[in-house]
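> Just so it is clear, I am handing over start.csv, which has CSV, C-alpha atoms.
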```
chain,number,residue,atom,x,y,z
A,610,MET,CA,75.8,77.8,81.5
A,611,SER,CA,77.5,81.2,81.0
A,612,THR,CA,79.3,81.3,77.7
A,613,LEU,CA,81.6,84.0,76.4
A,614,CYS,CA,82.5,84.6,72.7
A,615,ARG,CA,86.2,85.5,72.7
A,616,ALA,CA,85.9,87.0,69.2
A,617,CYS,CA,83.1,89.5,69.7
A,618,LEU,CA,82.9,89.4,73.5
A,619,THR,CA,79.2,88.5,73.5
A,620,LEU,CA,77.8,86.6,76.6
A,621,PHE,CA,75.1,84.0,76.0
A,622,ASP,CA,73.6,81.0,77.7
A,623,ALA,CA,75.0,78.0,75.9
A,624,GLY,CA,76.3,76.7,72.6
A,625,THR,CA,79.4,75.7,70.7
A,626,ARG,CA,79.3,78.8,68.5
A,627,CYS,CA,78.6,82.4,69.2
A,628,HIS,CA,75.0,83.4,68.7
A,629,ALA,CA,76.0,86.8,67.4
A,630,CYS,CA,79.1,86.2,65.2
A,631,ARG,CA,79.1,82.4,64.8
A,632,SER,CA,82.7,82.1,66.0
A,633,PRO,CA,83.8,78.8,67.6
A,634,ARG,CA,86.1,80.7,70.0
A,635,VAL,CA,83.7,80.3,72.9
A,636,LEU,CA,84.4,79.8,76.6
A,637,ALA,CA,81.7,78.1,78.8
A,638,HIS,CA,81.8,77.7,82.5
A,639,PRO,CA,79.1,77.7,85.2
A,640,GLU,CA,81.0,80.2,87.4
A,641,LEU,CA,82.2,82.4,84.5
A,642,ASP,CA,80.3,85.5,85.7
A,643,ARG,CA,81.3,85.2,89.3
A,644,LEU,CA,85.1,84.6,89.4
A,645,SER,CA,87.2,87.8,89.7
A,646,ILE,CA,90.9,86.9,90.3
A,647,ALA,CA,92.9,86.8,87.0
A,648,HIS,CA,96.4,86.2,85.9
A,649,MET,CA,97.6,87.4,82.5
A,650,ASP,CA,100.8,86.0,81.0
A,651,CYS,CA,102.1,87.3,77.6
A,652,ASP,CA,102.9,84.5,75.1
A,653,ALA,CA,106.7,84.3,74.5
A,654,PHE,CA,106.8,88.0,75.2
A,655,TYR,CA,110.3,89.0,74.1
A,656,ALA,CA,110.1,86.8,71.0
A,657,SER,CA,106.6,88.2,70.1
A,658,VAL,CA,107.9,91.8,70.2
A,659,GLU,CA,110.9,90.9,68.0
A,660,LYS,CA,108.5,89.2,65.5
A,661,ARG,CA,106.2,92.2,65.6
A,662,ASP,CA,109.1,94.6,64.8
A,663,ASN,CA,110.6,92.3,62.2
A,664,PRO,CA,108.0,90.5,60.0
A,665,ASP,CA,110.7,88.5,58.3
A,666,LEU,CA,110.9,86.5,61.6
A,667,ARG,CA,107.2,85.6,61.7
A,668,ASP,CA,107.5,82.0,60.6
A,669,LYS,CA,111.0,81.3,61.9
A,670,PRO,CA,112.2,79.9,65.2
A,671,VAL,CA,113.4,82.8,67.2
A,672,ILE,CA,115.6,82.7,70.3
A,673,VAL,CA,116.1,85.8,72.4
A,674,GLY,CA,119.3,85.7,74.4
A,675,GLY,CA,123.0,86.2,74.7
A,676,GLY,CA,126.0,84.8,72.8
A,677,THR,CA,127.2,81.2,72.8
A,678,ARG,CA,128.1,81.5,76.5
A,679,GLY,CA,124.8,83.0,77.5
A,680,VAL,CA,121.4,81.6,78.1
A,681,VAL,CA,118.0,81.7,76.4
A,682,ALA,CA,115.9,84.6,77.8
A,683,THR,CA,112.9,83.3,75.9
A,684,CYS,CA,112.0,81.7,72.6
A,685,CYS,CA,109.0,81.5,70.3
A,686,TYR,CA,106.7,78.5,70.1
A,687,ILE,CA,108.2,77.3,66.9
A,688,ALA,CA,111.6,77.0,68.7
A,689,ARG,CA,109.9,75.3,71.6
A,690,ILE,CA,108.7,72.5,69.3
A,691,SER,CA,112.4,71.5,69.0
A,692,GLY,CA,112.8,71.5,72.8
A,693,VAL,CA,114.3,74.9,73.4
A,694,ARG,CA,113.3,76.4,76.7
A,695,SER,CA,113.9,79.6,78.7
A,696,ALA,CA,117.1,79.6,80.9
A,697,MET,CA,118.7,76.9,78.7
A,698,PRO,CA,122.3,77.4,77.8
A,699,MET,CA,122.6,78.9,74.4
A,700,PHE,CA,124.9,76.2,73.0
A,701,GLN,CA,122.4,73.5,74.0
A,702,ALA,CA,119.5,75.5,72.4
A,703,LEU,CA,121.3,75.8,69.1
A,704,LYS,CA,122.1,72.1,69.1
A,705,LEU,CA,118.4,71.4,69.4
A,706,CYS,CA,117.4,74.1,66.9
A,707,PRO,CA,120.3,75.0,64.7
A,708,GLU,CA,118.1,76.9,62.2
A,709,ALA,CA,117.0,79.3,65.0
A,710,VAL,CA,117.5,83.0,64.6
A,711,VAL,CA,119.2,84.4,67.7
A,712,VAL,CA,118.2,88.0,68.6
A,713,LYS,CA,119.9,90.0,71.3
A,714,PRO,CA,117.5,91.3,74.0
A,715,ARG,CA,116.2,94.9,73.7
A,716,PHE,CA,115.0,95.4,77.2
A,717,GLU,CA,114.2,99.0,76.8
A,718,VAL,CA,111.7,98.1,74.0
A,719,TYR,CA,110.2,95.3,76.1
A,720,ALA,CA,109.8,97.7,79.1
A,721,GLU,CA,108.0,100.2,76.9
A,722,VAL,CA,105.5,97.5,75.7
A,723,SER,CA,105.1,96.4,79.3
A,724,ARG,CA,104.2,99.9,80.4
A,725,ALA,CA,101.5,100.1,77.7
A,726,ILE,CA,100.0,96.8,78.8
A,727,ARG,CA,100.1,98.0,82.4
A,728,ALA,CA,98.2,101.1,81.4
A,729,MET,CA,95.5,98.9,79.7
A,730,MET,CA,95.2,96.9,82.9
A,731,ALA,CA,94.8,100.1,85.0
A,732,ASP,CA,91.8,101.0,82.8
A,733,LEU,CA,90.1,97.9,84.3
A,734,THR,CA,91.3,97.9,88.0
A,735,PRO,CA,93.8,99.6,90.3
A,736,ALA,CA,94.4,96.2,91.9
A,737,ILE,CA,97.3,95.0,89.8
A,738,GLU,CA,100.3,92.9,91.0
A,739,PRO,CA,103.0,92.7,88.4
A,740,LEU,CA,105.2,89.6,88.6
A,741,SER,CA,107.5,90.6,85.7
A,742,LEU,CA,107.4,92.7,82.5
A,743,ASP,CA,105.0,90.2,80.9
A,744,GLU,CA,102.7,88.9,83.6
A,745,ALA,CA,100.5,90.2,86.4
A,746,PHE,CA,97.6,89.3,88.7
A,747,LEU,CA,94.5,91.5,88.6
A,748,ASP,CA,91.7,91.6,91.2
A,749,LEU,CA,88.5,92.6,89.3
A,750,THR,CA,86.2,92.2,92.3
A,751,GLY,CA,83.5,94.9,92.1
A,752,THR,CA,84.4,96.1,88.6
A,753,ALA,CA,81.4,94.7,86.8
A,754,ARG,CA,79.2,97.6,88.0
A,755,LEU,CA,81.8,100.1,86.9
A,756,HIS,CA,82.4,98.6,83.4
A,757,GLY,CA,79.0,97.0,82.7
A,758,ALA,CA,80.6,93.6,82.2
A,759,PRO,CA,81.9,90.7,84.4
A,760,PRO,CA,85.6,90.1,84.8
A,761,ALA,CA,85.8,87.4,82.2
A,762,VAL,CA,84.6,89.8,79.5
A,763,LEU,CA,87.1,92.5,80.8
A,764,MET,CA,90.0,90.1,80.5
A,765,ALA,CA,89.0,88.9,77.0
A,766,ARG,CA,88.8,92.6,76.1
A,767,LEU,CA,92.2,93.2,77.5
A,768,VAL,CA,94.0,90.5,75.5
A,769,ARG,CA,92.2,91.5,72.3
A,770,ARG,CA,93.2,95.1,72.8
A,771,MET,CA,96.9,94.0,73.4
A,772,GLU,CA,96.9,92.2,70.1
A,773,GLU,CA,95.2,95.0,68.1
A,774,GLU,CA,97.2,97.9,69.6
A,775,LEU,CA,100.5,96.4,70.6
A,776,GLY,CA,100.9,93.3,68.4
A,777,VAL,CA,101.5,90.9,71.3
A,778,SER,CA,99.2,88.1,72.6
A,779,GLY,CA,98.5,86.8,76.1
A,780,SER,CA,96.9,84.0,77.9
A,781,VAL,CA,94.4,84.4,80.8
A,782,GLY,CA,93.6,82.4,83.9
A,783,LEU,CA,90.5,83.2,85.9
A,784,SER,CA,89.7,81.7,89.3
A,785,HIS,CA,88.9,82.4,92.9
A,786,ASN,CA,92.5,82.9,94.1
A,787,LYS,CA,96.0,83.7,92.8
A,788,PHE,CA,97.4,80.2,93.0
A,789,LEU,CA,94.6,78.8,90.8
A,790,ALA,CA,94.5,81.8,88.4
A,791,LYS,CA,98.2,81.3,87.7
A,792,ILE,CA,97.8,77.6,87.0
A,793,ALA,CA,94.8,78.3,84.7
A,794,SER,CA,96.7,80.8,82.6
A,795,ASP,CA,99.2,78.1,81.7
A,796,LEU,CA,96.7,75.4,80.7
A,797,ASP,CA,96.0,76.6,77.1
A,798,LYS,CA,98.9,78.6,75.8
A,799,PRO,CA,99.3,80.5,73.5
A,800,ARG,CA,96.2,82.8,73.3
A,801,GLY,CA,94.4,80.8,75.9
A,802,PHE,CA,91.7,81.5,78.4
A,803,SER,CA,91.1,78.9,81.1
A,804,VAL,CA,88.9,78.9,84.2
A,805,ILE,CA,89.1,77.0,87.4
A,806,GLY,CA,85.9,77.4,89.5
A,807,GLN,CA,85.4,76.8,93.2
A,808,ALA,CA,83.2,73.7,92.6
A,809,GLU,CA,85.9,71.9,90.6
A,810,THR,CA,89.0,72.9,92.5
A,811,ALA,CA,89.4,69.8,94.6
A,812,ASP,CA,88.8,67.4,91.7
A,813,PHE,CA,91.1,69.3,89.4
A,814,LEU,CA,94.0,69.5,91.8
A,815,SER,CA,93.8,65.9,92.9
A,816,ARG,CA,94.6,64.8,89.3
A,817,GLN,CA,97.7,67.0,89.0
A,818,HIS,CA,101.4,66.3,89.6
A,819,VAL,CA,103.1,68.3,92.4
A,820,ARG,CA,105.1,70.2,89.6
A,821,ILE,CA,102.0,72.2,89.0
A,822,ILE,CA,102.4,74.0,92.4
A,823,TRP,CA,104.0,77.3,92.0
A,824,GLY,CA,107.6,77.2,93.5
A,825,VAL,CA,108.1,73.4,93.2
A,826,GLY,CA,111.2,73.2,91.2
A,827,THR,CA,113.5,70.2,90.4
A,828,ALA,CA,115.1,70.1,93.9
A,829,THR,CA,111.8,70.3,95.8
A,830,GLN,CA,110.2,67.8,93.5
A,831,ALA,CA,113.0,65.3,94.1
A,832,ALA,CA,112.7,65.8,97.9
A,833,LEU,CA,108.9,65.2,97.7
A,834,GLU,CA,109.4,62.1,95.5
A,835,ALA,CA,111.8,60.8,98.1
A,836,ALA,CA,109.0,61.0,100.6
A,837,GLY,CA,106.6,59.2,98.2
A,838,ILE,CA,104.8,62.3,97.1
A,839,ARG,CA,104.4,62.6,93.3
A,840,THR,CA,100.9,63.9,92.9
A,841,ILE,CA,98.7,66.3,94.8
A,842,ARG,CA,96.5,63.3,95.7
A,843,ASP,CA,99.6,62.0,97.5
A,844,LEU,CA,100.0,65.3,99.3
A,845,LEU,CA,96.4,65.1,100.5
A,846,ARG,CA,97.2,61.9,102.4
A,847,TRP,CA,99.7,63.7,104.6
A,848,ASP,CA,98.9,65.2,107.9
A,849,ARG,CA,99.6,68.9,108.1
A,850,ARG,CA,102.0,68.6,111.1
A,851,ASP,CA,103.9,65.7,109.4
A,852,LEU,CA,104.5,67.8,106.3
A,853,SER,CA,105.6,70.8,108.3
A,854,ALA,CA,108.0,68.6,110.4
A,855,ARG,CA,109.6,67.2,107.3
A,856,PHE,CA,109.7,70.2,105.0
A,857,GLY,CA,109.3,73.2,107.4
A,858,SER,CA,107.3,76.2,106.2
A,859,THR,CA,107.3,74.7,102.7
A,860,GLY,CA,105.3,71.7,104.0
A,861,ASP,CA,102.6,73.9,105.5
A,862,ARG,CA,102.4,75.9,102.2
A,863,LEU,CA,102.1,72.6,100.2
A,864,TRP,CA,99.3,71.4,102.5
A,865,ARG,CA,97.3,74.5,102.0
A,866,LEU,CA,97.8,74.8,98.2
A,867,ALA,CA,97.0,71.1,97.7
A,868,ARG,CA,93.5,72.0,99.0
A,869,GLY,CA,93.3,75.1,96.8
A,870,GLU,CA,93.6,77.4,99.7
A,871,ASP,CA,95.4,80.7,99.0
A,872,THR,CA,94.4,83.8,100.9
A,873,ARG,CA,97.0,86.1,99.5
A,874,PRO,CA,95.5,89.4,98.2
A,875,VAL,CA,96.4,90.9,94.9
A,876,ALA,CA,98.9,93.4,96.1
A,877,ALA,CA,99.2,96.6,94.1
A,878,GLU,CA,102.8,97.6,93.3
A,879,ARG,CA,104.5,99.1,96.4
A,880,ALA,CA,107.8,100.8,97.0
A,881,VAL,CA,110.7,98.3,96.7
A,882,LYS,CA,112.0,97.4,100.1
A,883,SER,CA,114.8,95.1,99.0
A,884,ILE,CA,116.6,93.8,95.9
A,885,SER,CA,117.8,90.2,95.8
A,886,LYS,CA,118.7,87.3,93.5
A,887,GLU,CA,119.1,83.6,94.3
A,888,THR,CA,119.8,80.4,92.5
A,889,THR,CA,119.0,76.8,93.2
A,890,PHE,CA,121.6,74.1,92.4
A,891,ASN,CA,120.8,70.9,90.5
A,892,ASP,CA,123.0,69.1,93.1
A,893,ASP,CA,123.7,70.3,96.6
A,894,THR,CA,127.2,71.7,97.0
A,895,SER,CA,129.6,72.9,99.6
A,896,ASP,CA,132.5,73.7,97.2
A,897,PRO,CA,133.7,77.2,98.2
A,898,ASP,CA,134.8,78.0,94.6
A,899,VAL,CA,131.4,77.1,93.2
A,900,LEU,CA,129.6,79.0,95.9
A,901,ASP,CA,131.8,82.0,95.3
A,902,GLY,CA,131.3,82.0,91.6
A,903,HIS,CA,127.5,82.0,92.0
A,904,LEU,CA,127.8,84.6,94.7
A,905,TRP,CA,129.6,86.9,92.3
A,906,ARG,CA,127.2,86.4,89.4
A,907,LEU,CA,124.2,87.1,91.8
A,908,ALA,CA,125.9,90.2,93.2
A,909,VAL,CA,126.3,91.6,89.7
A,910,GLN,CA,122.6,91.0,89.0
A,911,VAL,CA,121.6,92.7,92.3
A,912,ALA,CA,123.9,95.6,91.5
A,913,ASP,CA,122.5,96.0,88.0
A,914,ARG,CA,118.9,96.1,89.3
A,915,ALA,CA,119.8,98.6,92.0
A,916,LYS,CA,121.5,100.9,89.4
A,917,ALA,CA,118.6,100.5,87.0
A,918,LYS,CA,116.1,101.5,89.7
A,919,GLY,CA,118.4,104.3,91.0
A,920,LEU,CA,118.6,102.7,94.5
A,921,ALA,CA,121.3,101.6,96.9
A,922,GLY,CA,121.3,99.4,100.0
A,923,ARG,CA,122.8,99.9,103.5
A,924,THR,CA,122.6,96.2,104.4
A,925,VAL,CA,123.9,93.1,102.5
A,926,VAL,CA,121.8,90.0,103.1
A,927,LEU,CA,123.0,86.4,102.5
A,928,LYS,CA,120.5,83.5,102.1
A,929,LEU,CA,121.4,79.8,102.2
A,930,LYS,CA,119.1,76.8,102.1
A,931,ARG,CA,120.6,73.6,103.4
A,932,SER,CA,120.0,70.2,101.9
A,933,ASP,CA,117.4,69.5,104.6
A,934,PHE,CA,115.4,72.6,103.4
A,935,SER,CA,116.3,74.7,106.5
A,936,LEU,CA,117.1,78.3,105.8
A,937,LEU,CA,120.0,80.3,107.1
A,938,SER,CA,120.1,84.1,106.7
A,939,ARG,CA,122.9,86.5,107.6
A,940,ARG,CA,123.0,90.3,107.2
A,941,HIS,CA,125.6,93.0,107.7
A,942,ALA,CA,125.1,96.7,107.9
A,943,LEU,CA,127.6,98.7,105.8
A,944,SER,CA,129.1,102.1,106.8
A,945,ASP,CA,127.3,103.6,103.9
A,946,ALA,CA,124.9,102.5,101.2
A,947,THR,CA,126.1,100.7,98.1
A,948,GLN,CA,125.0,99.6,94.6
A,949,MET,CA,128.5,98.2,93.7
A,950,ALA,CA,128.6,94.5,92.7
A,951,ASP,CA,132.2,94.4,94.1
A,952,ARG,CA,131.1,95.5,97.6
A,953,ILE,CA,128.0,93.3,97.6
A,954,HIS,CA,130.2,90.3,96.7
A,955,VAL,CA,132.9,91.1,99.3
A,956,GLU,CA,130.3,91.4,102.1
A,957,GLY,CA,128.4,88.4,100.9
A,958,ARG,CA,131.6,86.3,100.9
A,959,ARG,CA,132.5,87.5,104.5
A,960,LEU,CA,129.0,86.4,105.6
A,961,LEU,CA,129.4,83.1,103.8
A,962,ASP,CA,132.8,82.4,105.4
A,963,ALA,CA,131.5,83.4,108.9
A,964,ALA,CA,128.6,81.0,108.5
A,965,GLN,CA,130.7,78.0,107.8
A,966,PRO,CA,130.4,75.1,108.2
A,967,VAL,CA,126.8,74.8,107.0
A,968,GLY,CA,127.3,71.6,105.0
A,969,PRO,CA,126.0,71.2,101.5
A,970,VAL,CA,123.5,73.8,100.3
A,971,ARG,CA,120.8,73.7,97.7
A,972,LEU,CA,120.3,77.4,97.3
A,973,ILE,CA,122.3,80.6,97.6
A,974,GLY,CA,121.1,84.2,97.4
A,975,ILE,CA,122.4,87.7,98.0
A,976,GLY,CA,120.5,90.9,98.4
A,977,LEU,CA,120.4,94.6,99.5
A,978,ALA,CA,118.0,95.9,102.2
A,979,ASP,CA,117.5,99.2,103.9
A,980,LEU,CA,117.2,100.9,100.5
A,981,CYS,CA,117.8,104.6,99.8
A,982,PRO,CA,118.3,106.8,96.7
A,983,GLY,CA,121.3,105.7,94.5
A,984,GLU,CA,122.9,109.1,94.6
A,985,ARG,CA,123.9,108.4,98.2
A,986,ALA,CA,125.8,105.3,97.3
A,987,ASP,CA,129.5,104.5,97.9
A,988,LEU,CA,130.4,108.0,99.0
A,989,SER,CA,132.4,107.4,102.2
A,990,ASN,CA,136.2,107.0,102.5
A,991,ASP,CA,136.1,104.2,105.0
A,992,LEU,CA,139.4,103.4,106.6
A,993,LEU,CA,138.5,99.8,106.3
A,994,GLU,CA,138.2,100.2,102.6
A,995,PRO,CA,140.9,102.6,101.5
A,996,ASP,CA,140.7,101.4,97.9
A,997,LEU,CA,137.0,102.0,97.6
A,998,ALA,CA,137.4,104.9,95.2
A,999,ARG,CA,139.6,102.9,92.8
A,1000,ARG,CA,137.1,99.9,92.9
A,1001,ARG,CA,134.2,102.3,92.2
A,1002,LYS,CA,135.9,103.7,89.1
A,1003,ALA,CA,136.8,100.2,87.9
A,1004,GLU,CA,133.2,99.1,88.2
A,1005,ALA,CA,131.9,102.2,86.5
A,1006,ALA,CA,134.3,101.5,83.6
A,1007,THR,CA,133.1,97.8,83.5
A,1008,ASP,CA,129.5,98.9,83.5
A,1009,ALA,CA,130.2,101.3,80.5
A,1010,ILE,CA,131.8,98.5,78.5
A,1011,ARG,CA,128.9,96.1,79.2
A,1012,ALA,CA,126.3,98.8,78.4
A,1013,ARG,CA,127.9,99.3,75.0
A,1014,PHE,CA,129.0,95.8,74.0
A,1015,GLY,CA,126.7,93.5,75.9
A,1016,ALA,CA,126.7,91.8,79.3
A,1017,ASP,CA,129.3,89.2,78.2
A,1018,ALA,CA,131.7,91.8,76.9
A,1019,ILE,CA,133.8,91.8,80.0
A,1020,ILE,CA,133.8,88.9,82.6
A,1021,LYS,CA,135.7,88.4,85.8
A,1022,GLY,CA,137.5,85.1,86.2
A,1023,ARG,CA,135.4,84.2,89.3
A,1024,ALA,CA,132.3,84.4,87.2
A,1025,LEU,CA,133.4,81.3,85.3
A,1026,ARG,CA,133.6,79.1,88.3
```
Take the structure in this file and express it as structure tokens.

Amino acid sequence: MSTLCRACLTLFDAGTRCHACRSPRVLAHPELDRLSIAHMDCDAFYASVEKRDNPDLRDKPVIVGGGTRGVVATCCYIARISGVRSAMPMFQALKLCPEAVVVKPRFEVYAEVSRAIRAMMADLTPAIEPLSLDEAFLDLTGTARLHGAPPAVLMARLVRRMEEELGVSGSVGLSHNKFLAKIASDLDKPRGFSVIGQAETADFLSRQHVRIIWGVGTATQAALEAAGIRTIRDLLRWDRRDLSARFGSTGDRLWRLARGEDTRPVAAERAVKSISKETTFNDDTSDPDVLDGHLWRLAVQVADRAKAKGLAGRTVVLKLKRSDFSLLSRRHALSDATQMADRIHVEGRRLLDAAQPVGPVRLIGIGLADLCPGERADLSNDLLEPDLARRRKAEAATDAIRARFGADAIIKGRALR
């Protein structure tokens, strides 16, 4: 059986300790030298960077996030012992872990570390698909001849180099497709390395809850449980056509993933074609004030991303998912490109009003398409929007205040709905 020492990166046949350095940090798997699709996920990335830069925080529970009205961006593993989780409201996190040290995010620092990690990945393969600042897929097919080592050794070398040179750790999943590699990277955090081979795929998946499937959140899980589906073994009992009839395209996706089928390639980073944000509700809603409040917050996030990337969009796209999982999409082409939250929200609200009645919805999203350089944004003096210049100045002033004093420094009333 192929065995890898994660301490000194020696490969040997078998054993519970490394033959070269006697370390017990060994990984054994019969397909270790053949699998080539990897997923690397940094461990509590933002919090790890903060602890690296401030050693006084090393043994303390650290939460990275906004003020009392904000949410947890991430937290260290010490805070997670108390039940703190990402995206949790800050007031709730501090109730669970009152001794936590709250640190404001420093996204420019995290982005710098992320670029350094990406450069290390590029030393191994050009086939890198980033998912966020702190995680990415890598396709290492054919790299063994170039580097003189199989993908498992290259990934162990990558995370060791991250710790030594950048002071952050990561967990690796290695498998024969992206779906299983991502599952594997989460099996043994932090500083983990897990493998799911082809021979064990069916048995491994049949013992898992449907929550393990990427994209199955609270709402989807509830819908599946209402159909009597709690585990992947339950999914395997369903006919493909019946799943598709009940859950649409989601049903077909679940049928394939339950069998470990995922043919998606690792797609190297391409030019951004659209910018969007969406949110799924805990309970379906048709309340216009609630929908409008979420629409505004999402529009601000889309605008912030567009401005950060120096892009603008000529088309506003609204996405709704009904309670029966059916999707409704509406789009409107603007007279000129925009990167203003105000315009994105106004057009999104018009699309929402025009789509009524759609009944209760479980998800709402807003986005920009037909992207172009940001310097061409919001330049026209459209007769339909005579106050555009005033609104543009007002938003620029708001952005300046938020940049200086934080995202919660100035909030519109509709954002509190």
> Please compute the CA of Leu767 (chain A)-CA of Val712 (chain A) distance, one decimal, in Å.
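Separation between CA of Leu767 (chain A) and CA of Val712 (chain A): 28.0 Å.
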> Which residue, A:Ala709, A:Val899, A:Leu755, A:Cys684, has the smallest gap to Asp732 (chain A) when you use all atoms listed in the file?
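Counting all atoms listed in the file, the residue closest to Asp732 (chain A) is A:Leu755.
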> Write out as a PyMOL selection string each polymer residue whose atoms come within 8 Å of Ala867 (chain A), counting all atoms listed in the file; drop sequence neighbours fewer than 6 positions from it.
chain A and resi 814-815+841+844-845
> Work out how far CA of Asp893 (chain A) is from CA of Ala828 (chain A), in Å to one decimal.
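Separation of CA of Ala828 (chain A) and CA of Asp893 (chain A): 9.0 Å.
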> With all atoms listed in the file as the basis for distance, which of A:Glu809, A:Glu738, A:Glu773, A:Asp851 is at the shortest distance from Arg873 (chain A)?
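Going through A:Glu809, A:Glu738, A:Glu773, A:Asp851 one by one, the smallest distance to Arg873 (chain A) is for A:Glu738.
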> What separation in Å, quoted to one decimal, exists between CA of Gly675 (chain A) and CA of Glu659 (chain A)?
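Result for CA of Gly675 (chain A) versus CA of Glu659 (chain A): 14.6 Å, one decimal.
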> When you look at Pro966 (chain A) with a cut-off of 12 Å (counting all atoms listed in the file), what residues show up, excluding the ones that are within fewer than 2 positions of it in the same chain? I need them as a PyMOL selection string.
chain A and resi 895-897+929+931+937+960-964+968-970
> Excluding same-chain residues fewer than 2 positions from region 821-827 of chain A, what lies within 12 Å of it counting only C-alpha atoms, as a PyMOL selection string?
chain A and resi 787-796+813-819+829-834+839-841+844+859-860+862-871+888-893+971-972
> Would you be able to write out as a VMD selection string which residues have an atom within 12 Å of (101.3, 79.1, 77.0) in the file's coordinates, counting all atoms listed in the file?
chain A and resid 649 to 654 684 to 686 689 744 778 to 782 791 to 803
> Which residue out of A:Leu977, A:Met697, A:Ile646, A:Met729 has the minimum interatomic distance to Arg769 (chain A) when all atoms listed in the file are used?
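For Arg769 (chain A), the nearest of the candidates is A:Met729.
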> In terms of the shortest atom-to-atom distance over only C-alpha atoms, which of A:Asp668, A:Glu640, A:Asp945, A:Asp848 is closest to Cys981 (chain A)?
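Checking each of A:Asp668, A:Glu640, A:Asp945, A:Asp848 against Cys981 (chain A), counting only C-alpha atoms, the winner is A:Asp945.
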